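Below you'll find the structure, written out as structure tokens, and then a few comments.
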Protein chains: 2
Amino acid sequence: MAGEASTARRERGGRARRHRAADRAQAVIAGVERKIPTYELLGEEGLARIEAAADTILREVGIEFRGDEVALRLWREAGADVQGELVRFPAGLLRSILKTAPSAFVQHARNLERSLAIGAEHVVFAPAYGSPFVRDLEGGRRYGTLADFENFVKLAYAIPWLHHSGGTVCEPVDVPVSKRHLDMVAAHLRLTDKPFMGSVTAEARAEDSIEMARIAFGREFVDAHCVIMGNINANSPLVYDATMTKSLRAYARANQCAVVVPFILGGAMGPVTSAGAIAQSLAETMVGCALAQLERPGAPVVFGNFLSSTALRSGSPTFGTPEPALGSLVVGQLARRLNLPLRCSGAFTSSKIADGQAMQESTMSMLAAVQCGAHFILHAAGWLEGGLTIGYEKFVMDADFCAALHVWMSGMALDDNALALDAFGEVGPGKHFFGSAHTLANYETAFWESAVADNNSFEQWRDEGMKDAPQRAAARVKRLLAEYERPKLDPAVEEELADFVRRRKAELPDQWH
Amino acid sequence: MAGEASTARRERGGRARRHRAADRAQAVIAGVERKIPTYELLGEEGLARIEAAADTILREVGIEFRGDEVALRLWREAGADVQGELVRFPAGLLRSILKTAPSAFVQHARNLERSLAIGAEHVVFAPAYGSPFVRDLEGGRRYGTLADFENFVKLAYAIPWLHHSGGTVCEPVDVPVSKRHLDMVAAHLRLTDKPFMGSVTAEARAEDSIEMARIAFGREFVDAHCVIMGNINANSPLVYDATMTKSLRAYARANQCAVVVPFILGGAMGPVTSAGAIAQSLAETMVGCALAQLERPGAPVVFGNFLSSTALRSGSPTFGTPEPALGSLVVGQLARRLNLPLRCSGAFTSSKIADGQAMQESTMSMLAAVQCGAHFILHAAGWLEGGLTIGYEKFVMDADFCAALHVWMSGMALDDNALALDAFGEVGPGKHFFGSAHTLANYETAFWESAVADNNSFEQWRDEGMKDAPQRAAARVKRLLAEYERPKLDPAVEEELADFVRRRKAELPDQWH
């Protein structure tokens, strides 16, 4: 296409993209399907108590919407009690509004084979989000850069157990705050073909993110299909600020997905008791998801949740502890009763490095996420230090656990081959199964094998340098990055994206905070 | 009592012990009570398929009992089909025999406050068992000694989250094989007052172990109450050897508990498919537990299970992988249908050190154990390298996770204080809960806090020497051992035990294998 006028190219690209849109809407759905039951912690009575508490908070205490007149107008029109910026919700109002929210939807990828169903029996693993710092074994802890950001996008692309490219995988601190979103979204569109998240740090940045998705997917397609997500935090307790509600409404207005997530450290942004923190979280999330429905009924939303505990002596947040693991199970039950897709938990830890503490906490937290029935698991790989750091080695170790969870969620085969009665007849008492026909027939698919764990003998492990898990993971990081190959992208789309980024960077001032 | 005749002392000791027996029978039950549901993986149909497969194995393939004429006679008398050493079991025979096995029982401790209920809603954590090697950060990996053994008994005594002293915590390789059991049981009786396990490596050693328990608890008490356990392995697949069945029968004959545990690495001692390995395990365990009932109806038994996977390229066993975690959940369901107490899983790993691999694998494995409804969780602390090594730091890190599991199993409070509605009224939108009346009232009990994890800021962690989890655990090991104080033991009992050990050591030849 070299030499053709940019406008013509853009138009043809537009037609081509519209044509492809029909294919995409019937896309193959990637991700992993849960074939095992969720873990039901509470009975009807307990769940009803928490729901009643949330309803009481909504009706009597209320939620403040700060600085967003449109949001306040929408609530007034919907029948809420609006006093200044404080909104109180009569019983049943939010559940009634939430009826238009889809219980499941597809987030389309620009590679149709990587589109993801969010909801029902589908589970999506996405990288950690939002760390200003990165860490690797060689360089230690340092501020993240755009190069780091791109590395993590490449790693998530290369690892099949991560289905989603995430959003702010790390903060590219070498790019002005006002322009980062452009480089991040461009990386998610250029370096991977998995689904991704856009910016939420200002309404205009949300709109830029969506506009870039329109360039890649086609304007009409985007209006009819979800292709990008925004992760919206409540300012817990019981506040939404204008940055968040305006970004939330921007995503909803464009028919894109808002993931609504209160961030509650018990004892700080919520009560120290789990049941109360969950009731608060339920109240805040229902309000955010309902606001998206008021902006555009039917817009996809994800019921999000982020509970953690605090070390009360120091006030430090703690992660991967038993209380939020139980909390996840309960939140899963509550989300199912609302019939909304759930985002929950991740590979959380407060450890600074990928040591035993990190993996113990992350494993407990991730198992709670998949057991509770979460559909979209952000922070599934890389999280360290309460989210302040994303670790390269941790990323690969966590992703390896995501691989294990694929097997775990596939459940147990119970057919005649699995029951292996013929094998017992063949082998008999006291003999070994190594060479049996049944073993040979099932050899290659029988057991999951880790890409990071060392299962060799002590002697072999010693002779190979006594490497610990992060050392082995570091080698895997290097190999994955060395072998990375960019997925194909229509050159016309790529140029149009680059044009957009250049234009917006020229328009926007450099801001560093 | 110094200067009194040994015989008189023994008699008075005997009377005193008989007197205490009445108290002990109503002992306070330590351990932890599960207040949350088990995780039900399969439905009725799937469980019935596995049970039917086990019944087919028992009826058509059978189980060999090698070298134990008494066992063969017991089976013949019970109605089994005995051909040489091969025993086949008509449908329903074993389930009928197992009706005399208690669904729960108390293993008494010599400190009545530490007696443990095994079964029902009770969960018991016990140390790793059977490692020839020990490891610590300073000394690396080396053969275990009696000093190591005693250290681990002291650690298990000092840590409240371990309820049980275990058995062969490590092999005391500096003591002849023929005499180790005497020193091990003596350590469990002298250095701790928690319940423990005796020897099973020969019938006479099992009987020595039980005899030492009689010295400590009184002969009559032991005949009426469980005070010691023996861990009996099937020689999977489908074989019991005479060492094991004679030891099993020795424990049962004395009304003591046999824990019956097939050891199945899929693809080696059983099929590579989980459902088949579980059917085999069910068959083997039912047979072992039933043999104990034939020896003495009503003798306590524990339905045990040890499933793992193999890395099929190398044949190495793997641990903490998803397949045995799913297997544990199914085994839990099967044990409940038999109404027998369950031993399952542990802090398994194939890692050589207490790194991220170790804790990821151990956490997955331990969560499966508590979620599946296991009552007696051996190997809950210290396991490394597929069980070949017990690690000091790993022991403390695992025990810390046992502490977390205590909180996890306690479930979620849902009373008015937990729901915290008053706190929301007090705090309101946008304020923090740190100083609220509700936070202050619940401050101290709100969240579990790890004894090993570092939740501090990066800067504080860096300034304190950037310690990883094993380094922090090593410091805790040192402190626990330095602060250890022996529990009280009646000097008459202690002397009688020492007499017994001296006499038996004089009688027995030194054997080193």
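Letters for chains follow the order of the structure tokens (A, B, ...), residue numbers begin at 1 for each chain, and ligand numbers begin at 1 in the order shown.
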Give as a ChimeraX atom specification every residue of chain A that touches chain B within 6 Å, counting only C-alpha atoms.
-> /A:39,237-239,267-269,272-273,275-276,322,350,355-357,359-360,363,404,408,418-420,429-430,432-434,439,446,453,455,469
Generate a file of the selected residues that holds N, CA, C and O atoms, formatted as a compact mmCIF listing (two decimals), in the first residue's frame.
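Contents of out-v1.txt, freshly written:
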# COMPACT_ATOMS: atom_id res chain seq x y z
N TYR A 39 -17.17 -23.11 45.06
CA TYR A 39 -17.11 -23.51 46.47
C TYR A 39 -18.10 -22.62 47.24
O TYR A 39 -17.88 -21.41 47.34
N PRO A 237 -14.30 4.56 51.53
CA PRO A 237 -15.68 4.07 51.63
C PRO A 237 -16.71 5.03 51.04
O PRO A 237 -16.69 6.23 51.32
N LEU A 238 -17.58 4.47 50.22
CA LEU A 238 -18.86 5.09 49.87
C LEU A 238 -18.72 6.39 49.10
O LEU A 238 -19.56 7.30 49.26
N VAL A 239 -17.69 6.51 48.29
CA VAL A 239 -17.50 7.69 47.45
C VAL A 239 -17.12 7.25 46.04
O VAL A 239 -16.37 6.28 45.86
N GLY A 267 -10.32 -2.06 57.94
CA GLY A 267 -9.77 -1.23 59.01
C GLY A 267 -9.33 0.13 58.49
O GLY A 267 -9.07 1.04 59.26
N ALA A 268 -9.26 0.30 57.17
CA ALA A 268 -8.88 1.59 56.58
C ALA A 268 -10.07 2.11 55.76
O ALA A 268 -10.84 2.94 56.24
N MET A 269 -10.25 1.59 54.57
CA MET A 269 -11.36 2.04 53.73
C MET A 269 -12.65 1.26 53.98
O MET A 269 -13.61 1.40 53.22
N VAL A 272 -13.08 -3.47 59.90
CA VAL A 272 -12.10 -4.55 60.09
C VAL A 272 -12.74 -5.92 60.03
O VAL A 272 -12.02 -6.92 60.00
N THR A 273 -14.05 -5.98 60.06
CA THR A 273 -14.71 -7.28 60.03
C THR A 273 -15.14 -7.59 58.59
O THR A 273 -15.68 -6.74 57.89
N ALA A 275 -17.46 -9.43 57.08
CA ALA A 275 -18.85 -9.37 56.62
C ALA A 275 -19.24 -7.92 56.31
O ALA A 275 -19.91 -7.64 55.31
N GLY A 276 -18.80 -6.99 57.16
CA GLY A 276 -19.11 -5.59 56.93
C GLY A 276 -18.42 -5.05 55.69
O GLY A 276 -18.99 -4.29 54.90
N PRO A 322 -6.00 -15.44 55.18
CA PRO A 322 -7.23 -16.24 55.11
C PRO A 322 -8.51 -15.41 55.01
O PRO A 322 -9.47 -15.86 54.37
N SER A 350 2.24 -9.53 49.87
CA SER A 350 2.94 -8.33 50.33
C SER A 350 4.45 -8.54 50.29
O SER A 350 5.21 -7.63 50.64
N ASP A 355 9.56 -15.05 46.72
CA ASP A 355 10.03 -16.10 47.62
C ASP A 355 8.85 -16.97 48.08
O ASP A 355 7.76 -16.91 47.52
N GLY A 356 9.11 -17.78 49.10
CA GLY A 356 8.07 -18.66 49.61
C GLY A 356 6.86 -17.91 50.13
O GLY A 356 5.72 -18.35 49.94
N GLN A 357 7.10 -16.77 50.79
CA GLN A 357 5.95 -15.97 51.24
C GLN A 357 5.08 -15.57 50.05
O GLN A 357 3.85 -15.71 50.08
N MET A 359 4.70 -16.87 47.09
CA MET A 359 3.96 -17.91 46.38
C MET A 359 2.91 -18.56 47.28
O MET A 359 1.87 -19.01 46.80
N GLN A 360 3.17 -18.59 48.58
CA GLN A 360 2.16 -19.10 49.50
C GLN A 360 0.93 -18.18 49.50
O GLN A 360 -0.20 -18.63 49.36
N THR A 363 -0.81 -18.20 46.00
CA THR A 363 -1.53 -19.45 45.74
C THR A 363 -2.84 -19.48 46.49
O THR A 363 -3.89 -19.84 45.94
N ALA A 404 -1.48 -24.53 35.90
CA ALA A 404 -1.97 -25.57 36.82
C ALA A 404 -3.48 -25.41 37.04
O ALA A 404 -4.22 -26.40 37.09
N TRP A 408 -6.70 -27.87 36.87
CA TRP A 408 -7.54 -28.01 38.06
C TRP A 408 -9.01 -27.75 37.71
O TRP A 408 -9.90 -28.51 38.10
N ALA A 418 -10.42 -43.45 32.11
CA ALA A 418 -9.95 -42.85 33.36
C ALA A 418 -10.01 -43.85 34.51
O ALA A 418 -9.15 -43.86 35.39
N LEU A 419 -11.03 -44.67 34.52
CA LEU A 419 -11.18 -45.64 35.62
C LEU A 419 -10.18 -46.80 35.49
O LEU A 419 -9.86 -47.46 36.48
N ALA A 420 -9.71 -47.03 34.27
CA ALA A 420 -8.53 -47.89 34.05
C ALA A 420 -8.70 -49.33 34.52
O ALA A 420 -7.72 -49.97 34.89
N PRO A 429 -1.57 -57.37 41.06
CA PRO A 429 -0.94 -57.00 42.32
C PRO A 429 0.59 -56.99 42.25
O PRO A 429 1.18 -57.89 41.65
N GLY A 430 1.20 -55.95 42.81
CA GLY A 430 2.65 -55.93 43.01
C GLY A 430 3.47 -55.55 41.80
O GLY A 430 4.70 -55.48 41.90
N HIS A 432 4.36 -52.89 38.40
CA HIS A 432 4.34 -51.44 38.17
C HIS A 432 3.61 -51.10 36.88
O HIS A 432 3.55 -51.90 35.96
N PHE A 433 3.07 -49.90 36.83
CA PHE A 433 2.26 -49.47 35.70
C PHE A 433 3.07 -48.77 34.61
O PHE A 433 2.50 -48.35 33.61
N PHE A 434 4.39 -48.60 34.84
CA PHE A 434 5.18 -47.78 33.90
C PHE A 434 4.98 -48.19 32.45
O PHE A 434 4.72 -47.37 31.59
N THR A 439 -0.89 -46.99 30.54
CA THR A 439 0.05 -45.89 30.77
C THR A 439 0.56 -45.36 29.44
O THR A 439 0.61 -44.14 29.23
N ALA A 446 -1.35 -37.30 30.62
CA ALA A 446 -1.80 -37.72 31.95
C ALA A 446 -1.67 -36.61 32.98
O ALA A 446 -2.62 -36.31 33.70
N ALA A 453 8.85 -25.50 37.85
CA ALA A 453 9.23 -26.36 38.97
C ALA A 453 10.38 -27.28 38.58
O ALA A 453 10.54 -27.66 37.42
N ASN A 455 11.53 -30.94 39.39
CA ASN A 455 11.09 -32.21 40.00
C ASN A 455 12.20 -33.25 40.01
O ASN A 455 11.96 -34.40 40.34
N ALA A 469 13.46 -21.27 42.36
CA ALA A 469 12.39 -21.01 41.39
C ALA A 469 12.60 -19.69 40.64
O ALA A 469 12.45 -19.65 39.41
Give the helix (DSSP H, G or I) residues of range 156-311 of chain A, as DSSP finds them on the backbone, and put them as a PyMOL selection string.
-> chain A and resi 156-158+177-190+203-217+219-224+242-253+274-295
Pick out each residue of range 217-431 of chain A that DSSP on the backbone tags as strand (DSSP E); I need them as a ChimeraX atom specification.
-> /A:228-234,239-241,257-265,301-303,306-311,316-318,376-377,383-384,389-391
